[in-house]
Amino acid sequence: MNNRNPRTWNWFGGVAGWLWLAIIIIPIYFVFVTSFKTTSTYFGSNPLALPAPFTFDNYVRVVEANFIGYLVNSVIVVIGTVGPLLIFAFMAAYAIVRGEGRLIRFVQRGFLLGLAIPVQATIVPVYLLIITMHMYDSLPALMLPGIAFGLPLSILILANFIRDIPNELFESMSLDGCTEWQKLWRLAFPMTQPALVTVAVYQALLSWNGFLFPLILTQSPGKRTLPLALWAFQGEYATDIPVVLAAVVLTLAPILVLYAFGRRYLVSGMTAGVGK
Amino acid sequence: MTVASTSVATTAAPAPAGAAGPPATRKPSLILFALPALLFFLVFAIVPLLGVIVLSFTKWNGIGAIVFNGLATWQDTLTRPTTWNALWLTVRIVILSWLAQTPLSILLGVFVAGHQRYRQVLAVIFFLPLLLSSAAIAITYKTLLDPNFGLAAGLNIPLLAQNWLGDEVLVWFVLIFIISWQFIPFHTLIYQGGVRQIPKALYEAAEIDGAGRLKQFFYITLPQLKYTIITSSTLMAVGSLTYFDIIFVLTTGGPGTSTRILPLDMYLTGFRGSEMGVASAIAVMLVVIGLSLAMAVQRLGGKGSRGSQMDGM
Amino acid sequence: MSATSRRSFLALSAAAVGGVALSACGTAGPGTGTGASAGAGASGAASGGAAAGTASMWALSGQPNEGIVKNSVDAFNAKGGPKVQVDFFQNDAYKQKIRTAIGAGQAPTLIYGWGGGGLRTYAAANQVEDLTSWVNATPAIKDRYINTVWNAATVNGKIFALAGNGTQPIILWYNKAVFDAHGAQPPTTWADLMKLVTLFNSKGVAPFSLGGQSRWTSMMWLQYLLDRIGGPTVFQSILEEKKDAWSDPAVLEMAKKVVELVQAKAFISNFASVAADGNADQALLWTGKAAMMLHGGWTYGSMKANGGDFVSSGKLGWTTFPTIAGGKGDIKGLVGNPANYWSISSKATAAEKEAAKAYLKDGLLAKDEAAAFVKSGTIPVVKGVEAQIDQSADKPYLSWVYARLNEASSFTQSWDQALQPTPAEELLKNIEQLFLLKITPEQFVTNMNATIGK
């Protein structure tokens with residue numbers, strides 16, 4: 001931290017930190033605790049009380065509803081979306097920052113246009129497009145629009161970051177006779193790590209939790225993703241809350257595990273310094 | 001591969017700030033690098049967007065025939081009170097969510113960037129809300145906020161049993177709180193990264209000069225976080241334009257129309273009210289606003305500057 | 001150097017795109033079957049319907065209906081003739097999906113709906129088949145149903161859908177234990193009702209539970225109020241989009257009664273924050289925090305499942321909505337969801353339509369399916385289920401509903417289903433504001449009149 005002085009302990013920071021912890025924890029605690037309650041005891045009891053009787057029924061129901069299949073589909077879609085997205089966005093961002101000419105300026109502004117396209121508005125044209133391409137009810141149908149819609153913001157963030165790389169480094173590589181392609185991968189790529197990680201995390205979460213595209217563009221149960229599993233327990237008039245929350249927990253679990261293992265990489269990726 | 005220099009007009013590159021180097025070499029347009037992205041974007045984003053623009057000049061209920069309507073749809077859209085209400089609410093939510101999230105995220109980012117052990121443990125927990133989907137969060141809070149069976153009854157605090165979702169003012173507090181709850185973790189992460197990048201040398205120099213923690217924060221931390229703030233704010237602003245899931249599940253735009261922001265107004269008008277033409281017009285409005293917002297934020301950060309904050313270090 | 005770079009560039013792009021393309025290729029549209037016998041695709045694919053087509057069918061997920069429908073379809077398919085392929089979707093998700101599909105000309109063969117305004121929109125756009133002549137020529141179908149359900153399936157005198165599932169009238173539920181504790185009787189007139197409101201408020205019990213946040217719950221009040229004050233013809237005029245139909249004095253009175261109720265604190269405090277989708281409103285009834293609740297018949301099943309012994313120990317009471325002095329409506333008028341409706345997409349191939357018709361004739365609400373509905377606690381909208389009701393564990397409730405259904409003088413469909421989508425959305429918005437006392441009854445009338453003809 002910036003303060004090396006051991007005597008003046010940051011009590012304000014400490015207290016605020018714990019307060020924020022409480023705010024974060026209570027709803028999450030509620031989600032976990034409720035997922036083990038039965039629907040009939042759920043309303044009778046204090047929402048924060050521990051489950052009595054404790055039951056795994058909700059989880060069993062979720063798994064029986066083909067949860068694993070949905071999970072696999074979600075993983076495929078996320079990887080298939082974020083992977084290409086990062087590569088394409090990175091290359092385009094590099095081009096925008098390091099390139100010259102009216103064409104590239106035009107392209108840059110074009111991407112800005114896509115920043116706030118509301119997904120719900122374009123759903124009908126996208127739907128028609130997917131059908132024409134004979135990709136309805138397939139997983140790629142979820143990936144392709146996901147990549148396209150994720151591009152503008154990703155390019156923006158990455159471009160901002162690439163701009164931060166000192167020109168001197170580029171110049172010195174030019175002097176060594178490197179092509180732009182080599183500069184792209186040998187210089188810009190490692191130095192843009194924090195931004196790449198930011199974008200990857202953001203887009204992965206969007207893709208993991210997105211439900212509009214999976215809803216409209218898939219149909220058969222074998223092609224559904226996790227967010228749709230959440231809806232399986234919402235009836236025509238009301239929701240079975242404990243079961244839904246069990247589904248929420250199970251949706252959360254893989255990412256949590258990933259986060260637990262990848263956190264160090266995540267943080268170091270975010271803080272990969274520029275010339276430290 | 002020699003980079004194809006297909007730039008149409010090759011101007012002499014302006015000397016970048018702070019760079020001493022060979023005189024302006026002809027910079028390639030690098031358009032090939034952007035090609036894959038461009039392709040995807042054109043097919044799956046621009047083409048549908050064009051479709052939406054065309055639809056905004058029609059009258060269509062989503063089921064029957066699409067009828068060309070000239071400017072009448074736009075006229076209808078722009079004279080509806082709900083549209084202007086939605087616009088105003090959207091502005092409000094962008095501003096309020098920025099105000100609520102940014103200071104807190106910066107402080108938390110600085111807090112978590114510290115290397116103390118307990119802070120790292122807290123960092124793990126702080127990140128959790130981000131992993132939940134908006135729908136899940138909305139369902140959770142809706143249940144917690146129930147005046148009879150929610151948190152108020154659970155903690156036995158009658159003060160908490162307000163008309164949270166039914167009162168036009170309270171519902172905004174709730175909304176901003178929930179949105180912040182969900183997204184502050186993300187921005188904290190960004191700021192954490194930003195703070196860790198600040199060279200220690202700067203702080204050491206300030207220590208020597210006798211500057212206290214507060215001064216260090218305002219004179220070193222904040223200025224050095226400039227680009228981070230721009231990044232985070234862009235994400236936040238653009239993100240808030242597309243807040244849909246949370247509000248849809250939480251209030252569906254209610255009570256009345258007090259949380260009916262533009263994306264929601266668009267969806268409800270189009271898919272519930274079956275007025276696809278009007279909905280498309282609203283969608284176009286959103287795109288224009290998003291574009292302006294992005295350009296404004298970029299300009300604030302010195303869009304044209306090619307220089308790096310690190311130059312000369 | 002340049003060669004390897006170009007190769008790696010191409011390799012990279014190829015890998016990215018190829019990897020994406022290699023994961024299963026999809027189909028040409030919702031009409032084409034996946035797996036089993038694939039019917040001809042609905043999107044101009046000129047593969048021509050071979051032999052017997054397979055009708056595609058989209059239904060709502062969620063037990064018990066999902067299980068019942070699935071069994072019905074399986075039984076039908078087992079007969080060896082034309083086949084039906086059914087997929088299940090959650091309610092809100094389904095509404096979104098079906099509109100997109102129909103709008104893109106990609107509807108499934110059998111379209112699930114709620115009749116009324118939505119059906120009218122489909123019919124006006126020629127998206128659903130006119131079944132009138134077929135129904136008239138098929139006595140097995142014509143005589144199967146209870147009369148009241150045809151109304152919502154008819155547009156301009158033509159039949160465009162067949163009823164399925166169970167009937168869901170709105171019922172005045174009450175907590176017998178709470179009533180007994182305070183020596184109260186269920187109300188038969190409006191005066192009775194208002195007296196009960198005063199009584200329960202004085203005892204610290206909320207007179208009525210209400211999930212005001214969900215809007216359509218408040219709408220149920222308006223439906224019965226208008227029916228009792230002006231009779232079913234008032235809403236009929238509104239449906240027919242007669243100019244200023246909302247200006248009927250009955251409407252104004254109905255709105256004023258709402259204000260009266262809210263000001264008398266008839267509803268649980270903070271009702272605008274109570275959401276029906278988590279069953280919070282039903283919980284208020286079975287935990288005794290509220291004495292009465294105006295809600296749909298489907299809540300019987302959920303109260304039975306979630307309320308512990310509330311239903312089984314006989315604490316749940318039900319009755320009809322009271323009459324209002326000077327009103328034109330009678331106590332036999334019902335409001336609610338008469339049934340759900342199945343239509344046939346006009347864009348399907350001839351073979352698919354035949355398969356669909358076969359199912360509607362022989363599979364839908366066949367004896368087994370009807371019995372299954374009774375067993376699950378709903379009345380299927382067909383004649384001749386008295387025997388099953390007699391044997392049911394829920395006989396008291398079911399026979400009461402069945403009797404009401406058969407003697408009903410009218411069955412007005414839920415307004416948000418009966419109206420066209422555009423005015424329906426306006427209605428829900430205005431209802432919320434009326435209950436919050438943010439608009440006056442007069443403003444309500446003006447706002448709703450403005451939606452006519454949109």
# chains A, B, ... in the order shown; residues from 1 in each chain; ligands from 1
$ interface_residues --of "chain C" --to "chain B" --cutoff "6 Å" --atoms "only C-alpha atoms" --output "list of chain:residue names"
C:Ser2, C:Ser5, C:Arg6, C:Ile102, C:Gly103, C:Ala125, C:Asn270, C:Ala272, C:Ser273, C:Val274, C:Pro421, C:Thr422, C:Glu425, C:Lys429, C:Glu432, C:Gln433
$ closest_atom_pairs --of "chain A" --to "chain C" --cutoff "9 Å" --atoms "only C-alpha atoms" --output "tab-separated table"
residue	atom	partner	partner_atom	distance
A:Thr38	CA	C:Asn306	CA	8.6
A:Thr39	CA	C:Asn306	CA	5.8
A:Ser40	CA	C:Asn306	CA	3.9
A:Thr41	CA	C:Asn306	CA	7.5
A:Tyr42	CA	C:Asn306	CA	8.4
A:Phe43	CA	C:Ala283	CA	6.5
A:Gly44	CA	C:Thr287	CA	7.3
A:Ile76	CA	C:Ser23	CA	9.0
A:Gly80	CA	C:Val20	CA	6.2
A:Thr81	CA	C:Val20	CA	8.6
A:Gly83	CA	C:Ala16	CA	7.7
A:Pro84	CA	C:Ala16	CA	5.6
A:Ile87	CA	C:Ala16	CA	8.7
A:Phe88	CA	C:Ser13	CA	8.9
A:Ile123	CA	C:Thr100	CA	8.1
A:Val124	CA	C:Thr100	CA	6.2
A:Pro125	CA	C:Ala104	CA	8.8
A:Tyr127	CA	C:Ala104	CA	7.8
A:Leu128	CA	C:Ala104	CA	6.4
A:Ile130	CA	C:Ala28	CA	8.5
A:Ile131	CA	C:Ala28	CA	5.5
A:Thr132	CA	C:Ala28	CA	7.0
A:Met133	CA	C:Ala28	CA	7.5
A:His134	CA	C:Ala28	CA	4.3
A:Met135	CA	C:Gly26	CA	4.2
A:Tyr136	CA	C:Thr27	CA	5.2
A:Asp137	CA	C:Gly26	CA	5.4
A:Ser138	CA	C:Gly26	CA	4.5
A:Leu139	CA	C:Ser23	CA	7.1
A:Pro140	CA	C:Val20	CA	6.0
A:Ala141	CA	C:Gly26	CA	8.0
A:Met143	CA	C:Val20	CA	7.8
A:Leu144	CA	C:Val20	CA	8.4
A:Thr179	CA	C:Ser2	CA	8.6
A:Trp181	CA	C:Ser5	CA	7.4
A:Gln182	CA	C:Ser5	CA	8.2
A:Leu212	CA	C:Ala93	CA	8.7
A:Leu215	CA	C:Ala93	CA	6.9
A:Ile216	CA	C:Lys97	CA	5.6
A:Leu217	CA	C:Lys97	CA	9.0
A:Thr218	CA	C:Pro30	CA	8.6
A:Gln219	CA	C:Pro30	CA	7.3
A:Ser220	CA	C:Asp87	CA	6.9
A:Pro221	CA	C:Asp87	CA	7.8
A:Leu228	CA	C:Gln90	CA	8.5
A:Trp231	CA	C:Gln90	CA	6.0
A:Ala232	CA	C:Gln90	CA	6.0
A:Phe233	CA	C:Gly62	CA	6.4
A:Gln234	CA	C:Gln90	CA	6.5
A:Gly235	CA	C:Gly62	CA	5.0
A:Glu236	CA	C:Asn91	CA	5.1
A:Tyr237	CA	C:Asp277	CA	6.2
A:Ala238	CA	C:Asp277	CA	4.0
A:Thr239	CA	C:Gly278	CA	5.2
A:Asp240	CA	C:Gly278	CA	6.8
A:Ile241	CA	C:Gly278	CA	6.4
$ interface_residues --of "chain A" --to "chain B" --cutoff "7 Å" --atoms "only C-alpha atoms" --output "number ranges by chain"
A: 1-3, 13, 21, 24, 31, 43, 46-48, 88-89, 91-92, 95, 99-102, 104, 112-113, 115-118, 120-122, 125-126, 145, 148-149, 157, 163-168, 171, 179-180, 209, 248, 252, 255, 270-271, 273
$ residues_around --residues "A:Ser74" --least-positions-apart "4" --cutoff "12 Å" --atoms "only C-alpha atoms" --output "PyMOL selection string"
chain A and resi 67-70+78-82+139-140+142-143+204-211+214+222-229+251+254-255
$ write_last_selection --atoms "N, CA and C atoms" --output "compact mmCIF listing (two decimals), in the first residue's frame"
# COMPACT_ATOMS: atom_id res chain seq x y z
N PHE A 67 -29.18 -30.49 -15.36
CA PHE A 67 -28.31 -29.37 -15.04
C PHE A 67 -26.93 -29.53 -15.66
N ILE A 68 -26.40 -30.74 -15.59
CA ILE A 68 -25.05 -30.96 -16.09
C ILE A 68 -24.97 -30.63 -17.57
N GLY A 69 -25.99 -31.05 -18.30
CA GLY A 69 -26.01 -30.76 -19.73
C GLY A 69 -25.99 -29.26 -20.00
N TYR A 70 -26.81 -28.54 -19.24
CA TYR A 70 -26.85 -27.10 -19.41
C TYR A 70 -25.47 -26.50 -19.10
N VAL A 78 -19.41 -20.02 -23.63
CA VAL A 78 -18.55 -18.95 -23.10
C VAL A 78 -17.16 -18.99 -23.75
N ILE A 79 -16.59 -20.20 -23.82
CA ILE A 79 -15.26 -20.30 -24.42
C ILE A 79 -15.32 -19.91 -25.89
N GLY A 80 -16.35 -20.41 -26.56
CA GLY A 80 -16.47 -20.12 -27.99
C GLY A 80 -16.77 -18.66 -28.28
N THR A 81 -17.24 -17.94 -27.28
CA THR A 81 -17.52 -16.52 -27.49
C THR A 81 -16.32 -15.68 -27.09
N VAL A 82 -15.82 -15.90 -25.88
CA VAL A 82 -14.79 -15.01 -25.37
C VAL A 82 -13.46 -15.20 -26.08
N LEU A 139 -25.40 -24.26 -30.83
CA LEU A 139 -24.61 -23.44 -29.92
C LEU A 139 -23.88 -22.29 -30.62
N PRO A 140 -23.35 -22.50 -31.83
CA PRO A 140 -22.70 -21.38 -32.51
C PRO A 140 -23.65 -20.18 -32.68
N LEU A 142 -25.38 -18.97 -30.56
CA LEU A 142 -25.26 -18.13 -29.38
C LEU A 142 -23.92 -17.40 -29.35
N MET A 143 -22.93 -18.02 -30.00
CA MET A 143 -21.60 -17.44 -29.92
C MET A 143 -21.44 -16.25 -30.86
N ALA A 204 -17.03 -12.76 -20.30
CA ALA A 204 -17.35 -14.13 -19.90
C ALA A 204 -18.57 -14.15 -19.00
N LEU A 205 -18.62 -13.21 -18.08
CA LEU A 205 -19.77 -13.15 -17.19
C LEU A 205 -21.04 -12.82 -17.95
N LEU A 206 -20.93 -11.88 -18.88
CA LEU A 206 -22.10 -11.54 -19.69
C LEU A 206 -22.60 -12.76 -20.44
N SER A 207 -21.67 -13.49 -21.03
CA SER A 207 -22.05 -14.64 -21.82
C SER A 207 -22.62 -15.74 -20.94
N TRP A 208 -21.99 -15.94 -19.77
CA TRP A 208 -22.43 -17.00 -18.87
C TRP A 208 -23.86 -16.74 -18.40
N ASN A 209 -24.18 -15.48 -18.13
CA ASN A 209 -25.48 -15.15 -17.56
C ASN A 209 -26.52 -14.70 -18.56
N GLY A 210 -26.16 -14.60 -19.82
CA GLY A 210 -27.10 -14.09 -20.79
C GLY A 210 -28.24 -15.08 -21.04
N PHE A 211 -29.46 -14.58 -21.12
CA PHE A 211 -30.55 -15.52 -21.38
C PHE A 211 -31.39 -15.18 -22.61
N PRO A 214 -29.97 -17.29 -25.74
CA PRO A 214 -30.27 -18.72 -25.62
C PRO A 214 -31.77 -18.99 -25.72
N GLY A 222 -31.50 -30.10 -25.37
CA GLY A 222 -30.08 -30.43 -25.44
C GLY A 222 -29.19 -29.26 -25.76
N LYS A 223 -29.80 -28.14 -26.15
CA LYS A 223 -28.97 -27.01 -26.54
C LYS A 223 -29.09 -25.86 -25.54
N ARG A 224 -29.75 -26.08 -24.44
CA ARG A 224 -30.00 -24.95 -23.55
C ARG A 224 -28.83 -24.65 -22.64
N THR A 225 -28.76 -23.41 -22.19
CA THR A 225 -27.68 -23.01 -21.28
C THR A 225 -28.24 -22.75 -19.89
N LEU A 226 -27.34 -22.57 -18.94
CA LEU A 226 -27.72 -22.47 -17.53
C LEU A 226 -28.81 -21.46 -17.18
N PRO A 227 -28.75 -20.24 -17.68
CA PRO A 227 -29.80 -19.29 -17.29
C PRO A 227 -31.20 -19.82 -17.58
N LEU A 228 -31.33 -20.62 -18.63
CA LEU A 228 -32.64 -21.18 -18.93
C LEU A 228 -33.02 -22.22 -17.88
N ALA A 229 -32.01 -22.84 -17.29
CA ALA A 229 -32.31 -23.83 -16.25
C ALA A 229 -32.97 -23.14 -15.07
N THR A 251 -25.37 -22.74 -10.44
CA THR A 251 -24.84 -21.94 -11.55
C THR A 251 -23.60 -21.21 -11.10
N PRO A 254 -19.49 -23.43 -10.48
CA PRO A 254 -18.33 -23.58 -11.36
C PRO A 254 -17.49 -22.33 -11.42
N ILE A 255 -18.16 -21.17 -11.50
CA ILE A 255 -17.39 -19.93 -11.60
C ILE A 255 -16.62 -19.69 -10.31
$ residues_around --residues "C:Lys265" --least-positions-apart "4" --cutoff "8 Å" --atoms "only C-alpha atoms" --output "list in words"
Val197, Asn201, Leu261 and Ser269 of chain C
$ select_by_dssp --residues "stretch 33-272 of chain B" --states "strand (DSSP E or B)" --output "compact mmCIF listing (two decimals) with C-alpha atoms, in the first residue's frame"
# COMPACT_ATOMS: atom_id res chain seq x y z
CA THR B 58 -42.84 1.22 -39.97
CA LYS B 59 -45.87 0.15 -38.03
CA VAL B 67 -46.48 -1.45 -42.91
CA PHE B 68 -44.33 1.46 -43.98
$ atom_distance --atom1 "atom CA of C:Pro82" --atom2 "atom CA of C:Gly166"
25.3 Å
$ residues_around --residues "C:Val262" --least-positions-apart "6" --cutoff "9 Å" --atoms "only C-alpha atoms" --output "count of residues only"
3
